[in-house]
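Reviewing the structure listed below.
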Amino acid sequence: MQRSGSVHPYGPASRYPSRQNLDSLNAPPPPSLDHFPPLGKEIPKEKLRSLNSVLTQHADQPRGQQPVGPANRNAKSYHWRPTQAPAYYEQFFAEQALHLDQVAKRLLDKITPPDSETTAKHELLKTLERICKQLSPSAKLIPFGSVVTGFATASSDIDCVFFLGLGNDDITLPDYPLLLERKLQDEGFEAQLLLRTRIPIIKMVQRETPGCLQEIQCDIGFKNHLAIHNTQLLLTYSKCDRRLKDMVLFVKWWAKKRHINSPYRGTLSSYGYVLMILHYLINIVSPPVLLNLQLQPVSQDADDSEIFHRDGDNVYNIWFSRDTQSIPRSVNNAFVGELLRGFFDYYAYKFAWGQAVISIRTKGGLLTKQDKGWIAAKSRLGTTADGSETYEVKDRYLLALEDPFETAHNVGRTCTGPGVGRIRDELRRAMMLIKIRGDRGNKLGEHLCEEAPPERPYVRREDRDHKDPKSPEI
């Protein structure tokens, strides 16, 4: 059954051969002369294509790419040229998915945080909460993000929110961030308060300890309670199906290694990639792996605090079903390799980057940028957390990801034009590697998550065009 919002949904896993039959999977026969037009028949012009041209690839209509051989010394490691596409290409899906599944299993064993690191993080949180209570007995430090959802990889940082109990949140600014920063420094932590942000943030570091042989970074925010609700939503989704966690860990590590996981450099945050994965598993895969928790009916005994969150004059609808026991399990039994292959294929060739807005709270999962009014970038004045100065904030909509609760916030607003281009290039590169045949997935395991070359430093156009006459020749 075609689901709303699906461009070309993937069928159930039963279409793939079972793992036991993979060894007996034979290559399809070569095409016969019946596939050629009769002699003398004119070939339509649109079908004439140079072998050196770049083909537009849709869905799973491959072009049989192969890497340029080592004889071309001036070429990079992977430049791709089209060759003849094999007949009955869909029979190779199972082979590709199996190889990707094997790569994912090896990688997940490698990037899963060790027990010593997890224990050290929980001990650090206890120490930080004890320090916060020295400032106020009612203070709390609530962790959110990957340390709670289980989406944390090895050496990932900790995110948490500081706030006062008893409804005294309005007095946390600006005194408590400054007081907490000094207190942390007195306790021997490296701490720095950042005020030129939407909310005050303290970035702190705990150096290596005997119990944990690596440093731990922690970001402490103030008045960011929606992040706690977002974390609970992701945690509930992860409880519904284990495959979500495996996919998130794999995609996060891949994006980090390929240098497309840095909002400060014009690409997407880890949270944005999680929303992309959720959209794929809820609305694109058929049958769906996850049900939309925000579209489930509101429970009769639900408390008002489970439905609405009030932040000053703003009221946010934060309802989602938390009763995972009553949610039926998915009948889609595809393994992680199949789902990862579909994820890369969907966003590499099918997703409408120029028009679509991912909205996981919406039926079908997609809106248009015209519907949201997210057509052109907008500049607005932002105020530092202490209100001492203003600065320009640019909201971009090149990659549109609607926050599940704060619907006016675009999670992908940090993505620049070059950043979106790099993300799409990496998605296509991943699919090209996945489609390599004949080496039992060796190139896929070697190159898919390899470290990308160092990024070129950003230089403003005026600095490039107007060279300093005193600068030396290079």
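In the structure tokens, chains take the letters A, B, ... in the order shown, each chain's residues start at 1, and ligands count up from 1 in the order shown.
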Enumerate, in order of chain and increasing residue number, the residues of region 151-264 of chain A with an atom no farther than 12 Å from region 418-431 of chain A, each with its shortest atom pair and distance in Å to one decimal, counting only C-alpha atoms, as CSV.
```
residue,atom,partner,partner_atom,distance
A:Val251,CA,A:Leu427,CA,10.6
A:Trp254,CA,A:Ala430,CA,9.5
A:Ala255,CA,A:Ile423,CA,8.5
A:Lys256,CA,A:Ile423,CA,11.3
A:Lys257,CA,A:Glu426,CA,10.8
A:Arg258,CA,A:Glu426,CA,7.4
A:His259,CA,A:Arg422,CA,8.9
A:Ile260,CA,A:Ile423,CA,6.1
A:Asn261,CA,A:Ile423,CA,9.0
A:Ser262,CA,A:Gly419,CA,9.4
A:Pro263,CA,A:Gly419,CA,9.1
A:Tyr264,CA,A:Gly419,CA,10.4
```
Which parts of region 213-274 of chain A does DSSP call strand (DSSP E or B) when run on the backbone here, written out as a PDB file with all heavy atoms, in the first residue's frame?
```pdb
ATOM      1  N   ILE A 216      36.246  14.298  29.051  1.00  0.00           N
ATOM      2  CA  ILE A 216      34.808  14.331  28.806  1.00  0.00           C
ATOM      3  C   ILE A 216      34.386  15.785  28.701  1.00  0.00           C
ATOM      4  O   ILE A 216      34.698  16.600  29.583  1.00  0.00           O
ATOM      5  CB  ILE A 216      34.025  13.633  29.944  1.00  0.00           C
ATOM      6  CG1 ILE A 216      34.461  12.178  30.074  1.00  0.00           C
ATOM      7  CG2 ILE A 216      32.525  13.708  29.671  1.00  0.00           C
ATOM      8  CD1 ILE A 216      33.785  11.448  31.215  1.00  0.00           C
ATOM      9  N   GLN A 217      33.688  16.103  27.637  1.00  0.00           N
ATOM     10  CA  GLN A 217      33.182  17.453  27.429  1.00  0.00           C
ATOM     11  C   GLN A 217      31.705  17.491  27.785  1.00  0.00           C
ATOM     12  O   GLN A 217      30.968  16.537  27.531  1.00  0.00           O
ATOM     13  CB  GLN A 217      33.396  17.894  25.986  1.00  0.00           C
ATOM     14  CG  GLN A 217      34.854  17.925  25.565  1.00  0.00           C
ATOM     15  CD  GLN A 217      35.028  18.410  24.142  1.00  0.00           C
ATOM     16  OE1 GLN A 217      34.073  18.819  23.483  1.00  0.00           O
ATOM     17  NE2 GLN A 217      36.261  18.361  23.659  1.00  0.00           N
ATOM     18  N   CYS A 218      31.289  18.612  28.333  1.00  0.00           N
ATOM     19  CA  CYS A 218      29.897  18.758  28.768  1.00  0.00           C
ATOM     20  C   CYS A 218      29.425  20.170  28.474  1.00  0.00           C
ATOM     21  O   CYS A 218      30.153  21.145  28.725  1.00  0.00           O
ATOM     22  CB  CYS A 218      29.771  18.452  30.265  1.00  0.00           C
ATOM     23  SG  CYS A 218      28.089  18.624  30.924  1.00  0.00           S
ATOM     24  N   ASP A 219      28.234  20.298  27.924  1.00  0.00           N
ATOM     25  CA  ASP A 219      27.589  21.581  27.668  1.00  0.00           C
ATOM     26  C   ASP A 219      26.402  21.727  28.608  1.00  0.00           C
ATOM     27  O   ASP A 219      25.503  20.865  28.621  1.00  0.00           O
ATOM     28  CB  ASP A 219      27.114  21.693  26.225  1.00  0.00           C
ATOM     29  CG  ASP A 219      28.268  21.701  25.234  1.00  0.00           C
ATOM     30  OD1 ASP A 219      29.417  21.896  25.681  1.00  0.00           O
ATOM     31  OD2 ASP A 219      28.020  21.521  24.030  1.00  0.00           O
ATOM     32  N   ILE A 220      26.401  22.804  29.395  1.00  0.00           N
ATOM     33  CA  ILE A 220      25.314  23.069  30.337  1.00  0.00           C
ATOM     34  C   ILE A 220      24.525  24.260  29.816  1.00  0.00           C
ATOM     35  O   ILE A 220      25.059  25.369  29.682  1.00  0.00           O
ATOM     36  CB  ILE A 220      25.859  23.360  31.748  1.00  0.00           C
ATOM     37  CG1 ILE A 220      26.713  22.194  32.235  1.00  0.00           C
ATOM     38  CG2 ILE A 220      24.708  23.618  32.715  1.00  0.00           C
ATOM     39  CD1 ILE A 220      27.368  22.442  33.589  1.00  0.00           C
ATOM     40  N   GLY A 221      23.259  24.046  29.508  1.00  0.00           N
ATOM     41  CA  GLY A 221      22.402  25.110  29.013  1.00  0.00           C
ATOM     42  C   GLY A 221      21.426  25.585  30.078  1.00  0.00           C
ATOM     43  O   GLY A 221      21.251  24.962  31.132  1.00  0.00           O
ATOM     44  N   PHE A 222      20.779  26.710  29.789  1.00  0.00           N
ATOM     45  CA  PHE A 222      19.822  27.306  30.719  1.00  0.00           C
ATOM     46  C   PHE A 222      18.540  27.635  29.950  1.00  0.00           C
ATOM     47  O   PHE A 222      18.584  28.120  28.820  1.00  0.00           O
ATOM     48  CB  PHE A 222      20.389  28.584  31.341  1.00  0.00           C
ATOM     49  CG  PHE A 222      21.619  28.356  32.176  1.00  0.00           C
ATOM     50  CD1 PHE A 222      22.860  28.186  31.587  1.00  0.00           C
ATOM     51  CD2 PHE A 222      21.535  28.293  33.565  1.00  0.00           C
ATOM     52  CE1 PHE A 222      23.998  27.965  32.347  1.00  0.00           C
ATOM     53  CE2 PHE A 222      22.662  28.067  34.334  1.00  0.00           C
ATOM     54  CZ  PHE A 222      23.895  27.903  33.718  1.00  0.00           C
TER      55      PHE A 222
END
```
Residues of region 123-349 of chain A in helix (DSSP H, G or I) according to DSSP, as a PyMOL selection string? chain A and resi 123-135+146-149+169-171+175-186+226-240+242-257+263-265+270-284+293-295+304-306+336-349
As a check of understanding: the span from CA of Ser269 (chain A) to CA of Asn442 (chain A) is 29.3 Å
The residue from A:Leu366, A:Asp246, A:Asn224, A:Phe320 with the smallest atom-to-atom distance to Ile282 (chain A), counting only C-alpha atoms, is A:Leu366
Taken to one decimal, the CA of Ala348 (chain A)-CA of Ala377 (chain A) distance is 23.8 Å
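Here the question is which of A:Leu381, A:Val205, A:Ile327, A:Leu281 gets nearest to Pro297 (chain A) using only C-alpha atoms, and that residue is A:Ile327.
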CA of Ser146 (chain A) sits from CA of Asp175 (chain A) at a separation of 28.4 Å
Counting only C-alpha atoms, what is within 9 Å of Lys110 (chain A), bar same-chain residues fewer than 4 positions away, as a PDB file with C-alpha atoms, in the first residue's frame?
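Output below, filename result_29.pdb:
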```pdb
ATOM      1  CA  LYS A 105      27.898  -4.614  12.593  1.00  0.00           C
ATOM      2  CA  ARG A 106      31.676  -4.238  12.607  1.00  0.00           C
ATOM      3  CA  ALA A 154      32.507   6.716  21.917  1.00  0.00           C
TER       4      ALA A 154
END
```
* Rank A:Gln300, A:Ser286, A:Asn292, A:Ser359 by their smallest atom-to-atom distance to Val331 (chain A), using only C-alpha atoms, and report the top residue only. =>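 Checking each of A:Gln300, A:Ser286, A:Asn292, A:Ser359 against Val331 (chain A), counting only C-alpha atoms, the winner is A:Ser286.
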* Counting only C-alpha atoms, what is within 10 Å of Gly417 (chain A), bar same-chain residues fewer than 3 positions away, as a list in words? ->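 Within the cut-off, the hits are Gly266, Thr267, Arg396, Tyr397, Leu398, Leu399, Thr414, Val420, Gly421 and Arg422 of chain A.
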Using only C-alpha atoms, which protein or nucleic acid residues come within 7 Å of Ser379 (chain A)? Drop anything in the same chain fewer than 6 positions from it, and give the result as a PyMOL selection string. chain A and resi 392-395
Would you save the residues from that selection as a compact mmCIF listing (two decimals), in the first residue's frame, using N, CA, C and O atoms?
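The new file again-v7.txt reads:
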```txt
# COMPACT_ATOMS: atom_id res chain seq x y z
N GLU A 392 23.48 39.86 14.22
CA GLU A 392 22.64 39.39 13.12
C GLU A 392 22.59 37.86 13.10
O GLU A 392 23.61 37.19 13.21
N VAL A 393 21.38 37.34 12.97
CA VAL A 393 21.15 35.91 12.84
C VAL A 393 20.51 35.66 11.49
O VAL A 393 19.54 36.33 11.12
N LYS A 394 21.06 34.70 10.74
CA LYS A 394 20.54 34.38 9.43
C LYS A 394 19.87 33.02 9.47
O LYS A 394 20.51 32.01 9.79
N ASP A 395 18.58 33.00 9.16
CA ASP A 395 17.82 31.76 9.09
C ASP A 395 17.77 31.30 7.63
O ASP A 395 17.18 31.97 6.78
```
Within 12 Å of Gln232 (chain A), counting only C-alpha atoms, which residues show up once you throw out same-chain ones fewer than 2 positions away? Write them as an mmCIF file with N, CA, C and O atoms, in the first residue's frame, please.
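Below is the file that was written, part_33.cif:
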```cif
data_model
loop_
_atom_site.group_PDB
_atom_site.id
_atom_site.type_symbol
_atom_site.label_atom_id
_atom_site.label_comp_id
_atom_site.auth_asym_id
_atom_site.auth_seq_id
_atom_site.Cartn_x
_atom_site.Cartn_y
_atom_site.Cartn_z
ATOM 1 N N ILE A 142 19.528 18.363 34.528
ATOM 2 C CA ILE A 142 18.853 17.290 33.809
ATOM 3 C C ILE A 142 19.583 17.026 32.494
ATOM 4 O O ILE A 142 19.683 17.925 31.644
ATOM 5 N N PRO A 143 20.112 15.829 32.293
ATOM 6 C CA PRO A 143 20.774 15.518 31.020
ATOM 7 C C PRO A 143 19.756 15.321 29.904
ATOM 8 O O PRO A 143 18.606 14.931 30.131
ATOM 9 N N PHE A 144 20.174 15.609 28.692
ATOM 10 C CA PHE A 144 19.340 15.355 27.521
ATOM 11 C C PHE A 144 20.261 14.981 26.369
ATOM 12 O O PHE A 144 21.491 14.977 26.487
ATOM 13 N N GLY A 145 19.677 14.639 25.258
ATOM 14 C CA GLY A 145 20.482 14.299 24.091
ATOM 15 C C GLY A 145 20.923 12.843 24.089
ATOM 16 O O GLY A 145 20.288 11.962 24.678
ATOM 17 N N SER A 146 22.059 12.588 23.453
ATOM 18 C CA SER A 146 22.496 11.229 23.173
ATOM 19 C C SER A 146 22.821 10.433 24.426
ATOM 20 O O SER A 146 22.697 9.208 24.428
ATOM 21 N N VAL A 147 23.244 11.102 25.498
ATOM 22 C CA VAL A 147 23.571 10.362 26.713
ATOM 23 C C VAL A 147 22.326 9.730 27.329
ATOM 24 O O VAL A 147 22.406 8.748 28.071
ATOM 25 N N VAL A 148 21.144 10.269 26.999
ATOM 26 C CA VAL A 148 19.877 9.730 27.509
ATOM 27 C C VAL A 148 19.252 8.771 26.492
ATOM 28 O O VAL A 148 18.775 7.692 26.867
ATOM 29 N N THR A 149 19.243 9.146 25.231
ATOM 30 C CA THR A 149 18.588 8.325 24.217
ATOM 31 C C THR A 149 19.369 7.057 23.877
ATOM 32 O O THR A 149 18.815 6.124 23.300
ATOM 33 N N GLY A 150 20.664 7.021 24.218
ATOM 34 C CA GLY A 150 21.490 5.889 23.832
ATOM 35 C C GLY A 150 22.114 6.041 22.464
ATOM 36 O O GLY A 150 22.725 5.100 21.950
ATOM 37 N N HIS A 225 14.157 23.936 28.044
ATOM 38 C CA HIS A 225 13.388 22.783 28.497
ATOM 39 C C HIS A 225 12.777 21.995 27.346
ATOM 40 O O HIS A 225 12.457 20.814 27.508
ATOM 41 N N LEU A 226 12.590 22.630 26.172
ATOM 42 C CA LEU A 226 12.071 21.876 25.035
ATOM 43 C C LEU A 226 13.025 20.764 24.627
ATOM 44 O O LEU A 226 12.605 19.732 24.101
ATOM 45 N N ALA A 227 14.318 20.969 24.865
ATOM 46 C CA ALA A 227 15.286 19.925 24.529
ATOM 47 C C ALA A 227 15.027 18.657 25.327
ATOM 48 O O ALA A 227 15.273 17.544 24.850
ATOM 49 N N ILE A 228 14.529 18.799 26.557
ATOM 50 C CA ILE A 228 14.219 17.629 27.377
ATOM 51 C C ILE A 228 13.051 16.855 26.762
ATOM 52 O O ILE A 228 13.069 15.614 26.699
ATOM 53 N N HIS A 229 12.027 17.567 26.283
ATOM 54 C CA HIS A 229 10.890 16.900 25.655
ATOM 55 C C HIS A 229 11.310 16.241 24.336
ATOM 56 O O HIS A 229 10.840 15.141 24.009
ATOM 57 N N ASN A 230 12.179 16.901 23.568
ATOM 58 C CA ASN A 230 12.680 16.287 22.335
ATOM 59 C C ASN A 230 13.421 14.990 22.635
ATOM 60 O O ASN A 230 13.293 13.991 21.917
ATOM 61 N N LEU A 234 12.625 11.088 21.278
ATOM 62 C CA LEU A 234 13.573 10.199 20.609
ATOM 63 C C LEU A 234 13.795 8.925 21.415
ATOM 64 O O LEU A 234 13.936 7.833 20.838
ATOM 65 N N LEU A 235 13.828 9.049 22.740
ATOM 66 C CA LEU A 235 13.996 7.866 23.586
ATOM 67 C C LEU A 235 12.829 6.896 23.410
ATOM 68 O O LEU A 235 13.024 5.672 23.341
ATOM 69 N N THR A 236 11.613 7.419 23.318
ATOM 70 C CA THR A 236 10.446 6.565 23.137
ATOM 71 C C THR A 236 10.483 5.863 21.785
ATOM 72 O O THR A 236 10.154 4.676 21.664
ATOM 73 N N TYR A 237 10.882 6.599 20.749
ATOM 74 C CA TYR A 237 11.018 5.963 19.433
ATOM 75 C C TYR A 237 12.055 4.840 19.471
ATOM 76 O O TYR A 237 11.864 3.774 18.873
ATOM 77 N N SER A 238 13.175 5.077 20.165
ATOM 78 C CA SER A 238 14.221 4.047 20.223
ATOM 79 C C SER A 238 13.747 2.812 20.970
ATOM 80 O O SER A 238 14.202 1.697 20.682
ATOM 81 N N LYS A 239 12.836 2.978 21.924
ATOM 82 C CA LYS A 239 12.292 1.831 22.629
ATOM 83 C C LYS A 239 11.334 1.013 21.753
ATOM 84 O O LYS A 239 11.139 -0.180 21.993
ATOM 85 N N LEU A 293 4.329 8.649 16.660
ATOM 86 C CA LEU A 293 3.867 8.781 18.044
ATOM 87 C C LEU A 293 3.099 10.072 18.280
ATOM 88 O O LEU A 293 2.248 10.133 19.166
ATOM 89 N N GLU A 306 1.825 16.977 29.954
ATOM 90 C CA GLU A 306 2.238 16.057 28.905
ATOM 91 C C GLU A 306 1.749 16.491 27.535
ATOM 92 O O GLU A 306 2.175 15.926 26.520
ATOM 93 N N ILE A 318 3.347 19.420 22.892
ATOM 94 C CA ILE A 318 4.410 18.438 23.078
ATOM 95 C C ILE A 318 3.860 17.029 23.235
ATOM 96 O O ILE A 318 4.565 16.128 23.698
ATOM 97 N N TRP A 319 2.617 16.813 22.817
ATOM 98 C CA TRP A 319 2.025 15.496 23.019
ATOM 99 C C TRP A 319 2.658 14.453 22.102
ATOM 100 O O TRP A 319 2.894 14.681 20.915
ATOM 101 N N PHE A 320 2.927 13.310 22.645
ATOM 102 C CA PHE A 320 3.237 12.100 21.906
ATOM 103 C C PHE A 320 2.956 10.924 22.831
ATOM 104 O O PHE A 320 3.004 11.041 24.049
ATOM 105 N N SER A 321 2.616 9.796 22.245
ATOM 106 C CA SER A 321 2.272 8.616 23.031
ATOM 107 C C SER A 321 3.527 8.034 23.671
ATOM 108 O O SER A 321 4.504 7.718 22.980
ATOM 109 N N ARG A 322 3.498 7.898 24.984
ATOM 110 C CA ARG A 322 4.625 7.325 25.722
ATOM 111 C C ARG A 322 4.399 5.863 26.090
ATOM 112 O O ARG A 322 5.274 5.227 26.656
ATOM 113 N N PRO A 404 10.087 18.983 15.902
ATOM 114 C CA PRO A 404 8.818 18.315 16.220
ATOM 115 C C PRO A 404 7.900 19.122 17.131
ATOM 116 O O PRO A 404 6.672 18.935 17.070
ATOM 117 N N PHE A 405 8.443 19.987 17.972
ATOM 118 C CA PHE A 405 7.621 20.755 18.909
ATOM 119 C C PHE A 405 7.652 22.251 18.598
ATOM 120 O O PHE A 405 6.613 22.886 18.526
#
```
